[in-house]
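Student: Can you read through this structure? Questions will come right after.
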Amino acid sequence: MVNKHLLLALGFIVTTGCAGRKAVWKEDPAQTAGASAGSETATIVAKGDEAWAKRTDPAAIRQAIQAWEQAAEAEPKNLDVLVKLTRGHYFLADGYLRDDDKADRAAMDKAVKWGERAMVASSTDFEASMRDGAKIPEAVKMVPKEGVPAMYWYASSLGKWAKKKGFAVLLGQKDNVKATMDRCLELDPTFYYGGPHRYFGAFYAIAPTFAGGDLEKSKVHFNKSLEIEANYVGTKVLWAAELAVKQQDEDTFVKLLNEVVAAPDDAIPELTPEIIVEKAKAKALLAEQEDLF
């Protein structure tokens with residue numbers, strides 16, 4: 001049980017400098033040079049957005065990604081498009097590829113790549129610092145508030161990608177995601193329905209004590225996330241899966257997950273596909289109840 005929690009903890013806080021992959025700031029700067037916006041690109045982005053609206057179907061997500069990739073090729077530093085691509089690959093993996101390790105890892109790797117490009121696009125100071133050999137925990141302090149979406153989806157994707165890659169990558173890259181999420185929390189704790197607080201709720205539950213784990217801090221962050229948006233059921237799924245299981249609090253586990261299952265699919269209308277996915281996760285966790293307690 002200890003080894004399992006240690007592995008999960010490292011997976012949740014891991015990041016990449018270069019272990020296991022080549023970061024975008026190691027590439028030729030010309031590859032990420034900007035281009036002027038155009039009406040043709042806007043039309044392509046709109047087609048991607050139209051497909052994304054149908055993302056209860058993974059085929060529609062792939063259509064959206066294809067369109068946005070065309071737009072990114074035309075405008076390599078279009079921050080909005082780069083964030084869409086990061087989130088798109090993340091949701092494809094987290095929503096529909098969870099049971100296929102190889103496909104999940106490949107999609108998360110793509111999410112990380114686009115997330116790196118989004119962070120570069122969000123701050124010339126961050127880009128210059130990373131190209132000069134700085135470490136993410138220092139360089140990320142240069143990213144302004146408009147870079148929060150890039151940082152959030154980058155860090156979310158990177159942690160899950162690294163966990164799939166294995167223990168060596170996790171251990172060698174353990175600081176950057178937390179530093180990136182710290183910056184998100186500092187700049188906009190409300191982003192993505194209390195996302196930074198939700199992350200730290202899970203982080204403090206998963207991490208062993210020697211690595212910063214603190215169950216009381218976990219509960220504080222989960223509560224803060226729910227105060228920001230009570231209808232985002234993913235917070236309850238994480239609370240149940242991580243904190244309730246860690247505390248062996250079966251009553252809270254069941255209560256939270258039953259609330260998720262009972263929630264309407266459109267509890268947050270713009271997030272109906274995500275809520276459907278979280279409800280599926282809740283049902284899967286309830287099916288594992290006897291093994292978890």
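Each chain in the structure tokens gets a letter, A, B, ..., in the order shown, and its residues are numbered from 1; ligands are numbered from 1 in order too.
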Any idea what's packed within 7 Å of Pro137 (chain A), counting only C-alpha atoms, ignoring anything in its chain fewer than 4 positions away? Could you give it as a PyMOL selection string?
Tutor: chain A and resi 176+179-180
Student: Store the residues of this selection in a file with C-alpha atoms, as a CSV table (one decimal), in the first residue's frame.
Tutor:
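File produced: selection.csv:
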chain,number,residue,atom,x,y,z
A,176,ASN,CA,7.9,21.2,-12.0
A,179,ALA,CA,5.7,24.8,-9.2
A,180,THR,CA,3.5,25.4,-12.3
Student: Could you give me, as a ChimeraX atom specification, the residues within 9 Å of Lys110 (chain A), counting only C-alpha atoms and dropping anything in the same chain fewer than 3 positions from it?
Tutor: /A:85-86,89-90,105-107,113-115,157
Student: With all heavy atoms retained, could you export that selection as an mmCIF file, in the first residue's frame?
Tutor:
data_model
loop_
_atom_site.group_PDB
_atom_site.id
_atom_site.type_symbol
_atom_site.label_atom_id
_atom_site.label_comp_id
_atom_site.auth_asym_id
_atom_site.auth_seq_id
_atom_site.Cartn_x
_atom_site.Cartn_y
_atom_site.Cartn_z
ATOM 1 N N LEU A 85 -5.510 22.923 -28.083
ATOM 2 C CA LEU A 85 -4.866 21.662 -28.438
ATOM 3 C C LEU A 85 -4.405 20.897 -27.201
ATOM 4 O O LEU A 85 -4.524 19.668 -27.138
ATOM 5 C CB LEU A 85 -3.688 21.925 -29.373
ATOM 6 C CG LEU A 85 -4.082 22.170 -30.832
ATOM 7 C CD1 LEU A 85 -2.940 22.824 -31.602
ATOM 8 C CD2 LEU A 85 -4.484 20.856 -31.497
ATOM 9 N N THR A 86 -3.893 21.616 -26.225
ATOM 10 C CA THR A 86 -3.462 20.967 -24.991
ATOM 11 C C THR A 86 -4.649 20.331 -24.280
ATOM 12 O O THR A 86 -4.625 19.143 -23.931
ATOM 13 C CB THR A 86 -2.774 21.971 -24.059
ATOM 14 O OG1 THR A 86 -1.773 22.684 -24.777
ATOM 15 C CG2 THR A 86 -2.136 21.271 -22.873
ATOM 16 N N HIS A 89 -6.202 17.222 -26.380
ATOM 17 C CA HIS A 89 -5.506 15.944 -26.232
ATOM 18 C C HIS A 89 -5.679 15.391 -24.821
ATOM 19 O O HIS A 89 -5.827 14.168 -24.633
ATOM 20 C CB HIS A 89 -4.027 16.114 -26.559
ATOM 21 C CG HIS A 89 -3.732 16.162 -28.032
ATOM 22 N ND1 HIS A 89 -3.862 15.070 -28.848
ATOM 23 C CD2 HIS A 89 -3.315 17.176 -28.835
ATOM 24 C CE1 HIS A 89 -3.532 15.391 -30.091
ATOM 25 N NE2 HIS A 89 -3.198 16.662 -30.107
ATOM 26 N N TYR A 90 -5.651 16.272 -23.818
ATOM 27 C CA TYR A 90 -5.842 15.833 -22.438
ATOM 28 C C TYR A 90 -7.206 15.155 -22.277
ATOM 29 O O TYR A 90 -7.308 14.066 -21.705
ATOM 30 C CB TYR A 90 -5.731 17.017 -21.478
ATOM 31 C CG TYR A 90 -6.034 16.650 -20.041
ATOM 32 C CD1 TYR A 90 -5.023 16.244 -19.177
ATOM 33 C CD2 TYR A 90 -7.339 16.686 -19.556
ATOM 34 C CE1 TYR A 90 -5.303 15.877 -17.865
ATOM 35 C CE2 TYR A 90 -7.632 16.324 -18.256
ATOM 36 C CZ TYR A 90 -6.611 15.919 -17.415
ATOM 37 O OH TYR A 90 -6.906 15.553 -16.128
ATOM 38 N N ARG A 105 -1.055 7.293 -23.069
ATOM 39 C CA ARG A 105 0.258 7.919 -22.933
ATOM 40 C C ARG A 105 0.618 8.744 -24.162
ATOM 41 O O ARG A 105 1.145 9.857 -24.046
ATOM 42 C CB ARG A 105 1.319 6.841 -22.695
ATOM 43 C CG ARG A 105 2.700 7.393 -22.387
ATOM 44 C CD ARG A 105 3.634 6.303 -21.901
ATOM 45 N NE ARG A 105 3.822 5.246 -22.879
ATOM 46 C CZ ARG A 105 3.405 3.993 -22.731
ATOM 47 N NH1 ARG A 105 2.757 3.628 -21.634
ATOM 48 N NH2 ARG A 105 3.630 3.086 -23.660
ATOM 49 N N ALA A 106 0.287 8.232 -25.345
ATOM 50 C CA ALA A 106 0.600 8.961 -26.576
ATOM 51 C C ALA A 106 -0.188 10.267 -26.658
ATOM 52 O O ALA A 106 0.354 11.312 -27.041
ATOM 53 C CB ALA A 106 0.300 8.081 -27.795
ATOM 54 N N ALA A 107 -1.464 10.219 -26.286
ATOM 55 C CA ALA A 107 -2.286 11.430 -26.323
ATOM 56 C C ALA A 107 -1.817 12.437 -25.285
ATOM 57 O O ALA A 107 -1.775 13.648 -25.544
ATOM 58 C CB ALA A 107 -3.755 11.078 -26.106
ATOM 59 N N LYS A 113 3.259 18.424 -25.226
ATOM 60 C CA LYS A 113 3.955 19.163 -26.283
ATOM 61 C C LYS A 113 3.238 20.473 -26.595
ATOM 62 O O LYS A 113 3.873 21.539 -26.649
ATOM 63 C CB LYS A 113 4.023 18.312 -27.557
ATOM 64 C CG LYS A 113 4.673 19.017 -28.744
ATOM 65 C CD LYS A 113 4.474 18.253 -30.049
ATOM 66 C CE LYS A 113 3.038 18.383 -30.553
ATOM 67 N NZ LYS A 113 2.858 17.813 -31.912
ATOM 68 N N TRP A 114 1.939 20.396 -26.772
ATOM 69 C CA TRP A 114 1.191 21.623 -27.072
ATOM 70 C C TRP A 114 1.170 22.554 -25.858
ATOM 71 O O TRP A 114 1.182 23.775 -26.006
ATOM 72 C CB TRP A 114 -0.220 21.286 -27.535
ATOM 73 C CG TRP A 114 -0.256 20.646 -28.886
ATOM 74 C CD1 TRP A 114 -0.610 19.360 -29.180
ATOM 75 C CD2 TRP A 114 0.113 21.251 -30.130
ATOM 76 N NE1 TRP A 114 -0.492 19.127 -30.524
ATOM 77 C CE2 TRP A 114 -0.051 20.271 -31.135
ATOM 78 C CE3 TRP A 114 0.558 22.520 -30.496
ATOM 79 C CZ2 TRP A 114 0.212 20.524 -32.476
ATOM 80 C CZ3 TRP A 114 0.818 22.776 -31.836
ATOM 81 C CH2 TRP A 114 0.650 21.785 -32.809
ATOM 82 N N GLY A 115 1.154 21.971 -24.665
ATOM 83 C CA GLY A 115 1.203 22.791 -23.458
ATOM 84 C C GLY A 115 2.501 23.556 -23.345
ATOM 85 O O GLY A 115 2.526 24.728 -22.943
ATOM 86 N N SER A 157 -1.611 17.643 -17.887
ATOM 87 C CA SER A 157 -1.231 16.631 -18.872
ATOM 88 C C SER A 157 0.089 15.977 -18.516
ATOM 89 O O SER A 157 0.248 14.748 -18.623
ATOM 90 C CB SER A 157 -1.125 17.273 -20.266
ATOM 91 O OG SER A 157 -2.321 17.906 -20.637
#
Student: Nearest to Ile44 (chain A): which of A:Val24, A:Leu158, A:Ala59, A:Ala67 is it, counting only C-alpha atoms?
Tutor: A:Ala67
Student: Which one is closest to Ala111 (chain A): A:Val254, A:Val143, A:Ala74, A:Ala155? Count only C-alpha atoms.
Tutor: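 Smallest distance to Ala111 (chain A) is found for A:Ala155.
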Student: Show me, as a list in words, the residues that have an atom within 8 Å of Phe126 (chain A) when counting only C-alpha atoms, minus same-chain residues fewer than 5 positions from it.
Tutor: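 The contact residues come out as Met119, Val120, Ala139, Val140, Met142 and Val143 of chain A.
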Student: Would you output that residue set with N, CA, C and O atoms, as an mmCIF file, in the first residue's frame?
Tutor:
data_model
loop_
_atom_site.group_PDB
_atom_site.id
_atom_site.type_symbol
_atom_site.label_atom_id
_atom_site.label_comp_id
_atom_site.auth_asym_id
_atom_site.auth_seq_id
_atom_site.Cartn_x
_atom_site.Cartn_y
_atom_site.Cartn_z
ATOM 1 N N MET A 119 2.848 27.631 -23.236
ATOM 2 C CA MET A 119 3.572 28.398 -22.224
ATOM 3 C C MET A 119 4.590 29.331 -22.863
ATOM 4 O O MET A 119 4.755 30.477 -22.443
ATOM 5 N N VAL A 120 5.265 28.845 -23.887
ATOM 6 C CA VAL A 120 6.211 29.690 -24.615
ATOM 7 C C VAL A 120 5.479 30.873 -25.248
ATOM 8 O O VAL A 120 5.946 32.013 -25.198
ATOM 9 N N ALA A 139 11.580 29.704 -13.942
ATOM 10 C CA ALA A 139 11.100 30.369 -15.161
ATOM 11 C C ALA A 139 9.593 30.588 -15.140
ATOM 12 O O ALA A 139 9.093 31.589 -15.652
ATOM 13 N N VAL A 140 8.847 29.667 -14.532
ATOM 14 C CA VAL A 140 7.398 29.768 -14.558
ATOM 15 C C VAL A 140 6.896 30.996 -13.799
ATOM 16 O O VAL A 140 5.781 31.474 -14.029
ATOM 17 N N MET A 142 7.740 33.827 -14.338
ATOM 18 C CA MET A 142 7.664 34.916 -15.312
ATOM 19 C C MET A 142 6.378 34.878 -16.137
ATOM 20 O O MET A 142 6.076 35.842 -16.847
ATOM 21 N N VAL A 143 5.653 33.792 -16.066
ATOM 22 C CA VAL A 143 4.430 33.666 -16.866
ATOM 23 C C VAL A 143 3.332 34.523 -16.235
ATOM 24 O O VAL A 143 3.045 34.398 -15.044
#
Student: Within 10 Å of Lys281 (chain A), counting only C-alpha atoms, which residues show up once you throw out same-chain ones fewer than 3 positions away? Write them as a PDB file with C-alpha atoms, in the first residue's frame, please.
Tutor:
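Dumped to around.pdb:
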ATOM      1  CA  GLY A  95     -12.069  10.841 -21.052  1.00  0.00           C
ATOM      2  CA  GLY A 234     -14.742  16.137 -10.823  1.00  0.00           C
ATOM      3  CA  VAL A 237     -14.489  12.268  -7.728  1.00  0.00           C
ATOM      4  CA  LEU A 238     -10.918  13.221  -6.801  1.00  0.00           C
ATOM      5  CA  ALA A 241     -10.643   8.540  -4.964  1.00  0.00           C
ATOM      6  CA  LEU A 257     -19.678   9.410  -5.496  1.00  0.00           C
ATOM      7  CA  VAL A 260     -21.756  12.648  -8.581  1.00  0.00           C
ATOM      8  CA  VAL A 261     -23.811   9.847 -10.120  1.00  0.00           C
ATOM      9  CA  ILE A 275     -19.514  15.730 -16.377  1.00  0.00           C
ATOM     10  CA  ILE A 276     -20.570  12.575 -18.237  1.00  0.00           C
ATOM     11  CA  VAL A 277     -16.967  11.359 -18.061  1.00  0.00           C
ATOM     12  CA  GLU A 278     -16.699  12.144 -14.347  1.00  0.00           C
ATOM     13  CA  ALA A 284     -16.215   2.703 -11.798  1.00  0.00           C
ATOM     14  CA  LEU A 285     -14.929   3.700  -8.352  1.00  0.00           C
ATOM     15  CA  LEU A 286     -18.128   2.536  -6.672  1.00  0.00           C
ATOM     16  CA  ALA A 287     -17.694  -0.811  -8.415  1.00  0.00           C
TER      17      ALA A 287
END
Student: Which neighbours of region 203-216 of chain A fall inside 6 Å, counting only C-alpha atoms, when residues of the same chain fewer than 3 positions from it are skipped, and could you give them as a PyMOL selection string?
Tutor: chain A and resi 9+200+219+242-243
Student: Take the residues from that selection and write them out as a tab-separated table (two decimals), in the first residue's frame, keeping N, CA and C atoms.
Tutor:
chain	number	residue	atom	x	y	z
A	9	ALA	N	1.77	9.42	-5.74
A	9	ALA	CA	2.18	10.76	-5.33
A	9	ALA	C	3.16	11.34	-6.31
A	200	PHE	N	-4.37	20.67	-5.72
A	200	PHE	CA	-3.66	20.54	-4.45
A	200	PHE	C	-4.44	19.70	-3.45
A	219	LYS	N	-8.06	18.42	2.50
A	219	LYS	CA	-9.48	18.72	2.71
A	219	LYS	C	-9.76	20.21	2.54
A	242	GLU	N	-9.02	9.89	-3.78
A	242	GLU	CA	-7.72	10.12	-3.15
A	242	GLU	C	-7.82	10.32	-1.64
A	243	LEU	N	-8.54	11.33	-1.19
A	243	LEU	CA	-8.57	11.62	0.24
A	243	LEU	C	-9.39	10.60	1.02
